[in-house]
4 protein chains.
Amino acid sequence: MEPNQVDIVAEYADILQVGTRNMQNYSLLTAVGRVARPVMLKRGYGATIEEWLMSAEYIVSSGNPNVILCERGIRTFETYTRNTLDLAAVPLLHHLTHLPVIVDPSHATGKRWLIKPMSMAGVAAGADGVMVEVHPRPDEALSDGEQSITIQQFSELMTSLRAIHAQVGDLHGDPVLPNTVLKVGGAGKH
Amino acid sequence: MEPNQVDIVAEYADILQVGTRNMQNYSLLTAVGRVARPVMLKRGYGATIEEWLMSAEYIVSSGNPNVILCERGIRTFETYTRNTLDLAAVPLLHHLTHLPVIVDPSHATGKRWLIKPMSMAGVAAGADGVMVEVHPRPDEALSDGEQSITIQQFSELMTSLRAIHAQVGDLHGDPVLPNTVLKVGGAGKH
Amino acid sequence: MEPNQVDIVAEYADILQVGTRNMQNYSLLTAVGRVARPVMLKRGYGATIEEWLMSAEYIVSSGNPNVILCERGIRTFETYTRNTLDLAAVPLLHHLTHLPVIVDPSHATGKRWLIKPMSMAGVAAGADGVMVEVHPRPDEALSDGEQSITIQQFSELMTSLRAIHAQVGDLHGDPVLPNTVLKVGGAGKH
Amino acid sequence: MEPNQVDIVAEYADILQVGTRNMQNYSLLTAVGRVARPVMLKRGYGATIEEWLMSAEYIVSSGNPNVILCERGIRTFETYTRNTLDLAAVPLLHHLTHLPVIVDPSHATGKRWLIKPMSMAGVAAGADGVMVEVHPRPDEALSDGEQSITIQQFSELMTSLRAIHAQVGDLHGDPVLPNTVLKVGGAGKH
């Protein structure tokens with residue numbers, strides 16, 4: 001998405017996403033800051049929490065207060081997972097900002113069977129939602145099939161997340177259910 | 001702890017701990033593999049999951065099958081927390097080995113107020129226990145006070161962990177309560 | 001620099017620079033691939049050598065074969081220097097591609113007094129040039145003064161680099177002097 | 001090497017080496033600090049420069065002032081090389097301490113053909129020596145053959161290093177030839 005494509009995208013999409021590789025694309029941040037759509041800002045895979053907040057500030061100071069922060073893993077020496085999901089970022093961000101924070105275990109781990117435990121961990125850490133890749137037949141997916149779950153697994157995941165969230169809600173005093181953002185289709189890089 | 005001190009320590013201690021800086025001290029691993037005490041093997045802060053399992057194998061192949069793996073954070077570029085707690089290691093290790101896995105949010109984050117959410121996240125990810133620093137008056141602690149909670153906070157933490165664990169237990173089919181390992185005193189480096 | 005600003009910039013500038021935060025801004029890569037100006041592509045601070053080459057390929061496959069790769073340090077746990085200059089990238093890239101490779105010790109280290117030894121190391125590793133920040137009075141610079149050298153120091157640096165390069169040239173069979181790219185002014189982020 | 005083996009090793013070896021996995025094995029550091037042999041202290045692959053100096057201080061404060069620091073690469077997200085050789089550590093350490101600093105490009109890169117350019121870069125950065133793996137027939141080596149050069153290549157490398165060093169010596173005012181430490185045999189981990 002180029003800055004000059006933001007308007008047309010905003011006409012049709014409910015939420016604009018700024019991907020991990022564009023977290024510090026300042027022209028794009030300014031452009032999405034000028035439209036009346038929530039923006040999901042994924043953390044740069046090499047970015048600190050402080051830089052991530054600065055990028056959010058770019059959007060907010062351009063006039064758009066509706067920014068959702070999405071932790072999607074950072075690069076480390078560990079190669080077993082695609083990236084290392086930094087869940088401490090969730091309570092840290094709740095301490096540093098009022099913006100909602102969600103977690104993307106699909107891109108962070110790159111492994112389908114890690115989505116459930118890491119989603120549950122994310123909600124237990126206080127995440128306001130999770131973003132998971134769902135596909136009717138993951139093995140036939142054109143992109144990201146390895147990190148996608150089926151619709152049936154998604155349904156079971158939601159049951160587990162509601163159970164965890166009920167406990168966290170009591171503890172944190174926020175009884176709202178986690179918002180699940182479905183990413184539908186797309187062969188892009190996030 | 002030197003290899004030739006292992007016997008005397010094992011006479012008095014219930015569990016032997018191999019700290020993060022000694023995860024690949026092969027003489028020590030062999031020595032703790034020869035005593036009849038469980039060994040808690042902390043992950044090296046720069047070690048991969050594979051190397052960590054290799055170190056556990058050193059202990060087991062020396063004759064001691066009772067190894068507990070403790071995730072305590074790895075080094076990354078992020079400086080807001082002391083280390084980055086790699087919670088994906090928990091379900092990964094449950095997939096790769098039968099050994100119990102616990103989580104140490106105190107050393108991982110270095111911040112007292114992150115202990116609760118990260119302990120809850122650890123249990124939600126499937127951890128068999130957590131290890132937290134507890135001190136009657138953390139601000140007066142000679143070591144690690146910044147990352148210690150009070151006895152009252154520990155009690156509240158246990159209530160939250162039991163609530164989370166009850167949900168995870170149902171989901172994973174393992175109803176056992178998490179074992180909490182208390183580290184008492186000590187000015188060492190873990 | 002936005003994609004739609006590339007044409008006007010190319011009208012006035014001799015070389016276009018894609019900064020570290022935009023190494024994977026694919027719209028921008030495509031845009032600079034369509035103009036008749038050499039492009040200096042800085043390595044993303046969190047990017048692998050393979051990803052860096054992929055980004056260069058974006059530019060080349062858009063029609064512009066004149067890409068210069070610039071190693072400027074990657075993010076690691078070490079905090080003494082701003083980033084860690086990955087000099088092994090220089091001979092690696094000479095093995096993997098015919099594109100010229102230069103080194104930026106100013107941004108990599110963030111320390112003025114490390115520019116000379118790291119420039120010399122870069123040339124000894126086979127770099128085709130170095131890019132250093134130079135300012136008549138670094139302490140009064142509006143940006144990057146801490147990592148800038150004076151004009152006099154630059155002159156001395158060039159003498160040292162020529163001496164090192166004379167030896168490397170003989171050894172590698174390439175007697176051409178290193179090209180030094182001066183960055184003049186600018187308060188941007190690279 | 002266990003602490004209680006240090007005396008017998010010191011009886012036969014000219015230099016004691018503390019490997020990367022033992023840089024923070026404090027019992028061993030204290031033990032090698034009590035013998036009359038120079039100690040080569042390799043940097044922990046996950047250790048900061050500050051921690052490395054602290055470990056050297058352990059040895060020196062135990063009575064042994066003859067410590068040689070050996071940079072051998074740190075762990076990063078880059079997987080093309082085995083580790084990332086942090087050459088900025090060389091001038092940094094010359095600034096922070098009087099101890100000699102050498103560079104090990106064999107373990108840092110894991111690739112035979114990177115030894116020459118990275119050795120040259122190390123000397124250009126001011127290293128007091130290099131440590132390279134040499135084997136008469138590297139392809140038949142029981143250990144580390146991939147990162148070993150032949151005796152003939154070693155001879156050519158020394159010619160190149162002398163040429164680079166002659167230039168650096170003039171510039172830094174230290175005309176002494178780099179000391180090359182040959183590692184002979186050994187199947188250990190360094």
# chains A, B, ... in the order shown; residues from 1 in each chain; ligands from 1
>>> select_by_dssp(residues="stretch 12-60 of chain A", states="strand (DSSP E)", output="list of chain:residue names")
A:Leu16, A:Gln17, A:Val18, A:Val39, A:Met40, A:Leu41, A:Lys42
>>> write_last_selection(atoms="N, CA and C atoms", output="compact mmCIF listing (two decimals), in the first residue's frame")
# COMPACT_ATOMS: atom_id res chain seq x y z
N LEU A 16 -7.36 -0.54 8.38
CA LEU A 16 -6.14 -0.52 7.57
C LEU A 16 -5.01 -1.17 8.36
N GLN A 17 -4.22 -2.00 7.70
CA GLN A 17 -3.10 -2.62 8.40
C GLN A 17 -1.79 -2.10 7.85
N VAL A 18 -0.90 -1.67 8.75
CA VAL A 18 0.47 -1.33 8.36
C VAL A 18 1.33 -2.50 8.78
N VAL A 39 -6.44 1.87 12.42
CA VAL A 39 -5.21 1.38 11.81
C VAL A 39 -4.58 0.33 12.73
N MET A 40 -4.34 -0.85 12.17
CA MET A 40 -3.61 -1.85 12.94
C MET A 40 -2.13 -1.73 12.59
N LEU A 41 -1.32 -1.37 13.57
CA LEU A 41 0.10 -1.13 13.35
C LEU A 41 0.90 -2.31 13.89
N LYS A 42 1.41 -3.13 12.99
CA LYS A 42 2.20 -4.28 13.44
C LYS A 42 3.60 -3.81 13.85
>>> closest_atom_pairs(of="chain A", to="chain B", cutoff="7 Å", atoms="only C-alpha atoms", output="JSON lines")
{"residue": "A:Thr48", "atom": "CA", "partner": "B:Glu78", "partner_atom": "CA", "distance": 5.5}
{"residue": "A:Thr76", "atom": "CA", "partner": "B:Thr76", "partner_atom": "CA", "distance": 6.0}
{"residue": "A:Glu78", "atom": "CA", "partner": "B:Thr48", "partner_atom": "CA", "distance": 5.4}
{"residue": "A:Thr84", "atom": "CA", "partner": "B:Asp86", "partner_atom": "CA", "distance": 6.3}
{"residue": "A:Leu85", "atom": "CA", "partner": "B:Asp86", "partner_atom": "CA", "distance": 6.8}
{"residue": "A:Asp86", "atom": "CA", "partner": "B:Thr84", "partner_atom": "CA", "distance": 6.4}
{"residue": "A:Ala88", "atom": "CA", "partner": "B:Met118", "partner_atom": "CA", "distance": 6.6}
{"residue": "A:Pro91", "atom": "CA", "partner": "B:Pro117", "partner_atom": "CA", "distance": 6.9}
{"residue": "A:Leu114", "atom": "CA", "partner": "B:Pro91", "partner_atom": "CA", "distance": 7.0}
{"residue": "A:Pro117", "atom": "CA", "partner": "B:Ala125", "partner_atom": "CA", "distance": 4.7}
{"residue": "A:Met118", "atom": "CA", "partner": "B:Ala125", "partner_atom": "CA", "distance": 5.9}
{"residue": "A:Met120", "atom": "CA", "partner": "B:Ala124", "partner_atom": "CA", "distance": 5.6}
{"residue": "A:Ala121", "atom": "CA", "partner": "B:Ala121", "partner_atom": "CA", "distance": 4.1}
{"residue": "A:Gly122", "atom": "CA", "partner": "B:Ala121", "partner_atom": "CA", "distance": 6.4}
{"residue": "A:Ala124", "atom": "CA", "partner": "B:Ala121", "partner_atom": "CA", "distance": 4.8}
{"residue": "A:Ala125", "atom": "CA", "partner": "B:Pro117", "partner_atom": "CA", "distance": 4.7}
{"residue": "A:Ala163", "atom": "CA", "partner": "B:Gln167", "partner_atom": "CA", "distance": 6.3}
{"residue": "A:Ile164", "atom": "CA", "partner": "B:Ile164", "partner_atom": "CA", "distance": 6.2}
{"residue": "A:Gln167", "atom": "CA", "partner": "B:Ala163", "partner_atom": "CA", "distance": 6.4}
>>> atom_distance(atom1="atom CA of D:Ile8", atom2="atom CA of D:Val35")
10.3 Å
>>> atom_distance(atom1="atom CA of B:Leu157", atom2="atom CA of B:Met131")
11.8 Å
>>> atom_distance(atom1="atom CA of A:Arg21", atom2="atom CA of A:Ala56")
14.5 Å
